[in-house]
Amino acid sequence: MDEILKYFPNLTDLQIEQFQKLDFLYHDWNEKINVISRKDIDSLYTKHILHSLGIAKIMKFEPGATVLDVGTGGGFPGIPLAILFPETRFYLIDVIAKKIKVVQGVADALELKNVKSEQKRAELVKGDFDFIVSRAVTNMPDFVSWIHDKIKKQHKHMLKNGILYLKGGDLTDELKDFPKATLYDLADYFEDEFFETKKVVHLPLKFKP
């Protein structure tokens with residue numbers, strides 16, 4: 001929890017309480033449904049929560065914005081971002097029902113009114129969104145093919161509407177067909193060595209009628 005306060009010192013009392021509760025909630029759920037690997041659960045705040053909040057270092061979501069989290073797993077990056085941006089609406093989806101059960105359980109326990117979760121494939125989602133977030137669920141070409149028609153036309157953020165993707169390693173080949181992609185190194189924002197190769201990829205996408 002200390003690392004969250006280190007990099008996000010202006011949290012409200014409620015947000016601090018919600019972030020603190022994540023430790024118990026994920027350890028408890030993980031005993032029933034394994035959504036975080038055993039070796040990572042003790043690094044929950046660094047490898048999952050702070051990693052998810054890397055997106056917040058790149059983008060401050062506006063009140064009323066809508067964000068789709070594709071392949072959310074146990075709720076990352078959606079749940080930490082929903083805590084940080086309580087006036088932004090988050091829609092978390094995954095194809096695996098038991099993972100969505102965990103997501104909804106955590107959201108309910110934290111009383112997150114801005115989170116909706118559902119077992120669903122990205123291609124079947126109706127509606128459009130300011131941003132679509134995810135954490136290395138697949139390669140970028142496949143990901144774009146899933147969600148390219150789900151972007152809102154009107155921009156209201158500093159960055160253009162599109163994808164904010166948490167990825168690691170050398171992305172040169174994967175992004176060769178996306179010249180408009182911008183990479184942000186999380187090592188510029190967080191000191192832990194875990195972030196040395198971690199990035200946020202912003203890929204603006206045009207509205208598809």
# chains A, B, ... in the order shown; residues from 1 in each chain; ligands from 1

call {"tool": "select_by_dssp", "arguments": {"residues": "range 14-203 of chain A", "states": "strand (DSSP E)", "output": "ChimeraX atom specification"}}
result
/A:66-70,89-94,115-119,131-135,162-168,182-185,198-203

call {"tool": "closest_atom_pairs", "arguments": {"of": "range 121-206 of chain A", "to": "range 49-63 of chain A", "cutoff": "8 Å", "atoms": "only C-alpha atoms", "output": "JSON lines"}}
result
{"residue": "A:Arg135", "atom": "CA", "partner": "A:Ser52", "partner_atom": "CA", "distance": 8.0}
{"residue": "A:Lys156", "atom": "CA", "partner": "A:Glu62", "partner_atom": "CA", "distance": 7.7}
{"residue": "A:His157", "atom": "CA", "partner": "A:Glu62", "partner_atom": "CA", "distance": 7.1}
{"residue": "A:Met158", "atom": "CA", "partner": "A:Met59", "partner_atom": "CA", "distance": 7.8}
{"residue": "A:Leu159", "atom": "CA", "partner": "A:Met59", "partner_atom": "CA", "distance": 7.5}
{"residue": "A:Leu164", "atom": "CA", "partner": "A:Ile55", "partner_atom": "CA", "distance": 7.0}
{"residue": "A:Leu166", "atom": "CA", "partner": "A:Ile55", "partner_atom": "CA", "distance": 7.6}
{"residue": "A:Tyr184", "atom": "CA", "partner": "A:Ile58", "partner_atom": "CA", "distance": 7.6}
{"residue": "A:Leu186", "atom": "CA", "partner": "A:Gly54", "partner_atom": "CA", "distance": 6.5}
{"residue": "A:Tyr189", "atom": "CA", "partner": "A:Lys57", "partner_atom": "CA", "distance": 7.3}
{"residue": "A:Phe195", "atom": "CA", "partner": "A:His51", "partner_atom": "CA", "distance": 7.9}
{"residue": "A:Val200", "atom": "CA", "partner": "A:Ile55", "partner_atom": "CA", "distance": 6.5}

call {"tool": "atom_distance", "arguments": {"atom1": "CA of Ser134 in chain A", "atom2": "CA of Asp69 in chain A"}}
result
5.5 Å

call {"tool": "atom_distance", "arguments": {"atom1": "CA of Gly71 in chain A", "atom2": "CA of Asp192 in chain A"}}
result
25.2 Å

call {"tool": "closest_atom_pairs", "arguments": {"of": "range 108-191 of chain A", "to": "range 77-82 of chain A", "cutoff": "12 Å", "atoms": "only C-alpha atoms", "output": "JSON lines"}}
result
{"residue": "A:Asp108", "atom": "CA", "partner": "A:Ile79", "partner_atom": "CA", "distance": 11.0}
{"residue": "A:Ala109", "atom": "CA", "partner": "A:Ile79", "partner_atom": "CA", "distance": 11.7}
{"residue": "A:Leu110", "atom": "CA", "partner": "A:Ile79", "partner_atom": "CA", "distance": 9.7}
{"residue": "A:Glu111", "atom": "CA", "partner": "A:Ala82", "partner_atom": "CA", "distance": 10.9}
{"residue": "A:Leu112", "atom": "CA", "partner": "A:Ala82", "partner_atom": "CA", "distance": 7.4}
{"residue": "A:Lys113", "atom": "CA", "partner": "A:Ala82", "partner_atom": "CA", "distance": 9.1}
{"residue": "A:Asn114", "atom": "CA", "partner": "A:Ala82", "partner_atom": "CA", "distance": 6.8}
{"residue": "A:Val115", "atom": "CA", "partner": "A:Ala82", "partner_atom": "CA", "distance": 6.9}
{"residue": "A:Lys116", "atom": "CA", "partner": "A:Gly78", "partner_atom": "CA", "distance": 10.0}
{"residue": "A:Ser117", "atom": "CA", "partner": "A:Gly78", "partner_atom": "CA", "distance": 9.7}
{"residue": "A:Phe131", "atom": "CA", "partner": "A:Gly78", "partner_atom": "CA", "distance": 11.7}
{"residue": "A:Ile132", "atom": "CA", "partner": "A:Gly78", "partner_atom": "CA", "distance": 10.2}
{"residue": "A:Val133", "atom": "CA", "partner": "A:Pro77", "partner_atom": "CA", "distance": 7.4}
{"residue": "A:Ser134", "atom": "CA", "partner": "A:Pro77", "partner_atom": "CA", "distance": 6.6}
{"residue": "A:Arg135", "atom": "CA", "partner": "A:Pro77", "partner_atom": "CA", "distance": 6.8}
{"residue": "A:Ala136", "atom": "CA", "partner": "A:Pro77", "partner_atom": "CA", "distance": 10.6}
{"residue": "A:Val137", "atom": "CA", "partner": "A:Pro77", "partner_atom": "CA", "distance": 11.4}
{"residue": "A:Leu164", "atom": "CA", "partner": "A:Pro77", "partner_atom": "CA", "distance": 10.4}
{"residue": "A:Tyr165", "atom": "CA", "partner": "A:Pro77", "partner_atom": "CA", "distance": 9.7}
{"residue": "A:Leu166", "atom": "CA", "partner": "A:Pro77", "partner_atom": "CA", "distance": 8.6}
{"residue": "A:Lys167", "atom": "CA", "partner": "A:Pro77", "partner_atom": "CA", "distance": 12.0}

call {"tool": "write_last_selection", "arguments": {"atoms": "N, CA and C atoms", "output": "PDB file, in the first residue's frame"}}
result
ATOM      1  N   ASP A 108     -18.362  -5.076  -5.574  1.00  0.00           N
ATOM      2  CA  ASP A 108     -19.455  -4.978  -4.598  1.00  0.00           C
ATOM      3  C   ASP A 108     -18.920  -4.680  -3.196  1.00  0.00           C
ATOM      4  N   ALA A 109     -17.836  -5.352  -2.822  1.00  0.00           N
ATOM      5  CA  ALA A 109     -17.263  -5.156  -1.491  1.00  0.00           C
ATOM      6  C   ALA A 109     -16.754  -3.729  -1.297  1.00  0.00           C
ATOM      7  N   LEU A 110     -16.278  -3.139  -2.385  1.00  0.00           N
ATOM      8  CA  LEU A 110     -15.760  -1.772  -2.317  1.00  0.00           C
ATOM      9  C   LEU A 110     -16.848  -0.734  -2.590  1.00  0.00           C
ATOM     10  N   GLU A 111     -18.041  -1.210  -2.932  1.00  0.00           N
ATOM     11  CA  GLU A 111     -19.170  -0.334  -3.270  1.00  0.00           C
ATOM     12  C   GLU A 111     -18.814   0.600  -4.419  1.00  0.00           C
ATOM     13  N   LEU A 112     -18.198   0.030  -5.449  1.00  0.00           N
ATOM     14  CA  LEU A 112     -17.842   0.807  -6.642  1.00  0.00           C
ATOM     15  C   LEU A 112     -19.065   0.907  -7.553  1.00  0.00           C
ATOM     16  N   LYS A 113     -19.702   2.055  -7.531  1.00  0.00           N
ATOM     17  CA  LYS A 113     -20.915   2.264  -8.322  1.00  0.00           C
ATOM     18  C   LYS A 113     -20.615   2.529  -9.793  1.00  0.00           C
ATOM     19  N   ASN A 114     -19.346   2.761 -10.096  1.00  0.00           N
ATOM     20  CA  ASN A 114     -18.962   3.099 -11.471  1.00  0.00           C
ATOM     21  C   ASN A 114     -18.396   1.907 -12.235  1.00  0.00           C
ATOM     22  N   VAL A 115     -18.624   0.698 -11.718  1.00  0.00           N
ATOM     23  CA  VAL A 115     -18.109  -0.519 -12.359  1.00  0.00           C
ATOM     24  C   VAL A 115     -19.256  -1.433 -12.753  1.00  0.00           C
ATOM     25  N   LYS A 116     -19.228  -1.848 -14.007  1.00  0.00           N
ATOM     26  CA  LYS A 116     -20.108  -2.904 -14.499  1.00  0.00           C
ATOM     27  C   LYS A 116     -19.214  -4.016 -15.028  1.00  0.00           C
ATOM     28  N   SER A 117     -19.525  -5.255 -14.693  1.00  0.00           N
ATOM     29  CA  SER A 117     -18.717  -6.369 -15.191  1.00  0.00           C
ATOM     30  C   SER A 117     -19.611  -7.414 -15.839  1.00  0.00           C
ATOM     31  N   PHE A 131     -12.111   5.319 -24.162  1.00  0.00           N
ATOM     32  CA  PHE A 131     -10.873   4.545 -24.215  1.00  0.00           C
ATOM     33  C   PHE A 131     -11.152   3.072 -23.944  1.00  0.00           C
ATOM     34  N   ILE A 132     -10.303   2.252 -24.530  1.00  0.00           N
ATOM     35  CA  ILE A 132     -10.344   0.814 -24.273  1.00  0.00           C
ATOM     36  C   ILE A 132      -8.997   0.429 -23.677  1.00  0.00           C
ATOM     37  N   VAL A 133      -9.026  -0.151 -22.481  1.00  0.00           N
ATOM     38  CA  VAL A 133      -7.802  -0.499 -21.772  1.00  0.00           C
ATOM     39  C   VAL A 133      -7.683  -2.017 -21.679  1.00  0.00           C
ATOM     40  N   SER A 134      -6.447  -2.463 -21.495  1.00  0.00           N
ATOM     41  CA  SER A 134      -6.213  -3.891 -21.305  1.00  0.00           C
ATOM     42  C   SER A 134      -4.783  -4.096 -20.849  1.00  0.00           C
ATOM     43  N   ARG A 135      -4.511  -5.307 -20.423  1.00  0.00           N
ATOM     44  CA  ARG A 135      -3.174  -5.632 -19.932  1.00  0.00           C
ATOM     45  C   ARG A 135      -2.680  -6.878 -20.650  1.00  0.00           C
ATOM     46  N   ALA A 136      -2.060  -6.645 -21.813  1.00  0.00           N
ATOM     47  CA  ALA A 136      -1.370  -7.708 -22.559  1.00  0.00           C
ATOM     48  C   ALA A 136      -2.225  -8.943 -22.781  1.00  0.00           C
ATOM     49  N   VAL A 137      -3.479  -8.735 -23.168  1.00  0.00           N
ATOM     50  CA  VAL A 137      -4.371  -9.878 -23.354  1.00  0.00           C
ATOM     51  C   VAL A 137      -4.103 -10.606 -24.666  1.00  0.00           C
ATOM     52  N   LEU A 164      -5.463   2.263 -24.628  1.00  0.00           N
ATOM     53  CA  LEU A 164      -4.376   2.425 -23.665  1.00  0.00           C
ATOM     54  C   LEU A 164      -4.031   1.023 -23.169  1.00  0.00           C
ATOM     55  N   TYR A 165      -2.891   0.513 -23.628  1.00  0.00           N
ATOM     56  CA  TYR A 165      -2.572  -0.903 -23.481  1.00  0.00           C
ATOM     57  C   TYR A 165      -1.313  -1.080 -22.644  1.00  0.00           C
ATOM     58  N   LEU A 166      -1.398  -1.866 -21.585  1.00  0.00           N
ATOM     59  CA  LEU A 166      -0.233  -2.190 -20.769  1.00  0.00           C
ATOM     60  C   LEU A 166       0.504  -3.372 -21.398  1.00  0.00           C
ATOM     61  N   LYS A 167       1.734  -3.111 -21.839  1.00  0.00           N
ATOM     62  CA  LYS A 167       2.524  -4.157 -22.498  1.00  0.00           C
ATOM     63  C   LYS A 167       3.957  -4.100 -21.985  1.00  0.00           C
TER      64      LYS A 167
END

call {"tool": "residues_around", "arguments": {"residues": "Lys152 in chain A", "least_positions_apart": "4", "cutoff": "7 Å", "atoms": "only C-alpha atoms", "output": "count of residues only"}}
result
5

call {"tool": "residues_around", "arguments": {"residues": "Gly162 in chain A", "least_positions_apart": "2", "cutoff": "6 Å", "atoms": "only C-alpha atoms", "output": "list in words"}}
result
Phe131, Leu203, Pro204 and Leu205 of chain A

call {"tool": "atom_distance", "arguments": {"atom1": "CA of Glu118 in chain A", "atom2": "CA of Ala97 in chain A"}}
result
8.1 Å

call {"tool": "closest_atom_pairs", "arguments": {"of": "range 31-78 of chain A", "to": "range 86-94 of chain A", "cutoff": "6 Å", "atoms": "only C-alpha atoms", "output": "tab-separated table"}}
result
residue	atom	partner	partner_atom	distance
A:Pro63	CA	A:Glu87	CA	4.7
A:Gly64	CA	A:Thr88	CA	5.1
A:Ala65	CA	A:Thr88	CA	5.0
A:Thr66	CA	A:Arg89	CA	4.8
A:Val67	CA	A:Phe90	CA	4.9
A:Leu68	CA	A:Tyr91	CA	4.9
A:Asp69	CA	A:Leu92	CA	4.7
A:Val70	CA	A:Ile93	CA	5.4
A:Gly71	CA	A:Asp94	CA	4.5
A:Thr72	CA	A:Asp94	CA	5.7

call {"tool": "write_last_selection", "arguments": {"atoms": "all heavy atoms", "output": "PDB file, in the first residue's frame"}}
result
ATOM      1  N   PRO A  63     -14.578  13.170 -15.723  1.00  0.00           N
ATOM      2  CA  PRO A  63     -15.890  12.737 -15.233  1.00  0.00           C
ATOM      3  C   PRO A  63     -16.841  12.477 -16.396  1.00  0.00           C
ATOM      4  O   PRO A  63     -16.876  13.245 -17.358  1.00  0.00           O
ATOM      5  CB  PRO A  63     -16.360  13.933 -14.387  1.00  0.00           C
ATOM      6  CG  PRO A  63     -15.101  14.595 -13.939  1.00  0.00           C
ATOM      7  CD  PRO A  63     -14.145  14.439 -15.087  1.00  0.00           C
ATOM      8  N   GLY A  64     -17.556  11.362 -16.311  1.00  0.00           N
ATOM      9  CA  GLY A  64     -18.492  11.006 -17.370  1.00  0.00           C
ATOM     10  C   GLY A  64     -17.887  10.219 -18.512  1.00  0.00           C
ATOM     11  O   GLY A  64     -18.609   9.743 -19.391  1.00  0.00           O
ATOM     12  N   ALA A  65     -16.562  10.082 -18.523  1.00  0.00           N
ATOM     13  CA  ALA A  65     -15.921   9.286 -19.569  1.00  0.00           C
ATOM     14  C   ALA A  65     -16.292   7.818 -19.403  1.00  0.00           C
ATOM     15  O   ALA A  65     -16.643   7.361 -18.315  1.00  0.00           O
ATOM     16  CB  ALA A  65     -14.404   9.459 -19.512  1.00  0.00           C
ATOM     17  N   THR A  66     -16.228   7.070 -20.492  1.00  0.00           N
ATOM     18  CA  THR A  66     -16.513   5.637 -20.458  1.00  0.00           C
ATOM     19  C   THR A  66     -15.285   4.864 -20.915  1.00  0.00           C
ATOM     20  O   THR A  66     -14.654   5.216 -21.916  1.00  0.00           O
ATOM     21  CB  THR A  66     -17.710   5.290 -21.361  1.00  0.00           C
ATOM     22  OG1 THR A  66     -17.467   5.787 -22.689  1.00  0.00           O
ATOM     23  CG2 THR A  66     -18.995   5.907 -20.823  1.00  0.00           C
ATOM     24  N   VAL A  67     -14.964   3.814 -20.161  1.00  0.00           N
ATOM     25  CA  VAL A  67     -13.760   3.028 -20.415  1.00  0.00           C
ATOM     26  C   VAL A  67     -14.131   1.548 -20.425  1.00  0.00           C
ATOM     27  O   VAL A  67     -14.779   1.053 -19.496  1.00  0.00           O
ATOM     28  CB  VAL A  67     -12.683   3.292 -19.342  1.00  0.00           C
ATOM     29  CG1 VAL A  67     -11.439   2.437 -19.607  1.00  0.00           C
ATOM     30  CG2 VAL A  67     -12.315   4.778 -19.297  1.00  0.00           C
ATOM     31  N   LEU A  68     -13.712   0.844 -21.460  1.00  0.00           N
ATOM     32  CA  LEU A  68     -13.919  -0.597 -21.579  1.00  0.00           C
ATOM     33  C   LEU A  68     -12.613  -1.310 -21.253  1.00  0.00           C
ATOM     34  O   LEU A  68     -11.573  -1.011 -21.841  1.00  0.00           O
ATOM     35  CB  LEU A  68     -14.362  -0.946 -23.004  1.00  0.00           C
ATOM     36  CG  LEU A  68     -14.484  -2.433 -23.353  1.00  0.00           C
ATOM     37  CD1 LEU A  68     -15.602  -3.095 -22.567  1.00  0.00           C
ATOM     38  CD2 LEU A  68     -14.703  -2.616 -24.858  1.00  0.00           C
ATOM     39  N   ASP A  69     -12.663  -2.245 -20.311  1.00  0.00           N
ATOM     40  CA  ASP A  69     -11.497  -3.052 -19.938  1.00  0.00           C
ATOM     41  C   ASP A  69     -11.707  -4.454 -20.509  1.00  0.00           C
ATOM     42  O   ASP A  69     -12.567  -5.201 -20.042  1.00  0.00           O
ATOM     43  CB  ASP A  69     -11.361  -3.089 -18.411  1.00  0.00           C
ATOM     44  CG  ASP A  69     -10.185  -3.944 -17.924  1.00  0.00           C
ATOM     45  OD1 ASP A  69      -9.447  -4.470 -18.774  1.00  0.00           O
ATOM     46  OD2 ASP A  69     -10.035  -4.077 -16.700  1.00  0.00           O
ATOM     47  N   VAL A  70     -10.909  -4.798 -21.509  1.00  0.00           N
ATOM     48  CA  VAL A  70     -11.064  -6.070 -22.228  1.00  0.00           C
ATOM     49  C   VAL A  70     -10.111  -7.117 -21.653  1.00  0.00           C
ATOM     50  O   VAL A  70      -8.915  -6.879 -21.523  1.00  0.00           O
ATOM     51  CB  VAL A  70     -10.780  -5.864 -23.734  1.00  0.00           C
ATOM     52  CG1 VAL A  70     -10.784  -7.213 -24.468  1.00  0.00           C
ATOM     53  CG2 VAL A  70     -11.813  -4.932 -24.345  1.00  0.00           C
ATOM     54  N   GLY A  71     -10.663  -8.295 -21.326  1.00  0.00           N
ATOM     55  CA  GLY A  71      -9.839  -9.353 -20.745  1.00  0.00           C
ATOM     56  C   GLY A  71      -9.346  -8.955 -19.374  1.00  0.00           C
ATOM     57  O   GLY A  71      -8.172  -9.124 -19.030  1.00  0.00           O
ATOM     58  N   THR A  72     -10.256  -8.463 -18.551  1.00  0.00           N
ATOM     59  CA  THR A  72      -9.897  -7.868 -17.268  1.00  0.00           C
ATOM     60  C   THR A  72      -9.317  -8.867 -16.264  1.00  0.00           C
ATOM     61  O   THR A  72      -8.666  -8.478 -15.310  1.00  0.00           O
ATOM     62  CB  THR A  72     -11.127  -7.159 -16.656  1.00  0.00           C
ATOM     63  OG1 THR A  72     -10.735  -6.414 -15.507  1.00  0.00           O
ATOM     64  CG2 THR A  72     -12.219  -8.159 -16.263  1.00  0.00           C
TER      65      THR A  72
END

call {"tool": "select_by_dssp", "arguments": {"residues": "chain A", "states": "helix (DSSP H, G or I)", "output": "PyMOL selection string"}}
result
chain A and resi 2-7+13-32+38-41+44-58+78-84+97-110+122-124+140-147+186-188+193-195

call {"tool": "closest_residue", "arguments": {"among": "A:Leu183, A:Leu44, A:Leu171, A:Leu5", "to": "Tyr26 in chain A", "atoms": "only C-alpha atoms"}}
result
A:Leu44

call {"tool": "closest_residue", "arguments": {"among": "A:Val201, A:Ile16, A:Val35, A:Ile83", "to": "Pro179 in chain A", "atoms": "only C-alpha atoms"}}
result
A:Val201

call {"tool": "closest_residue", "arguments": {"among": "A:Val95, A:Leu11, A:Leu175, A:Ile147", "to": "Ile163 in chain A", "atoms": "only C-alpha atoms"}}
result
A:Ile147
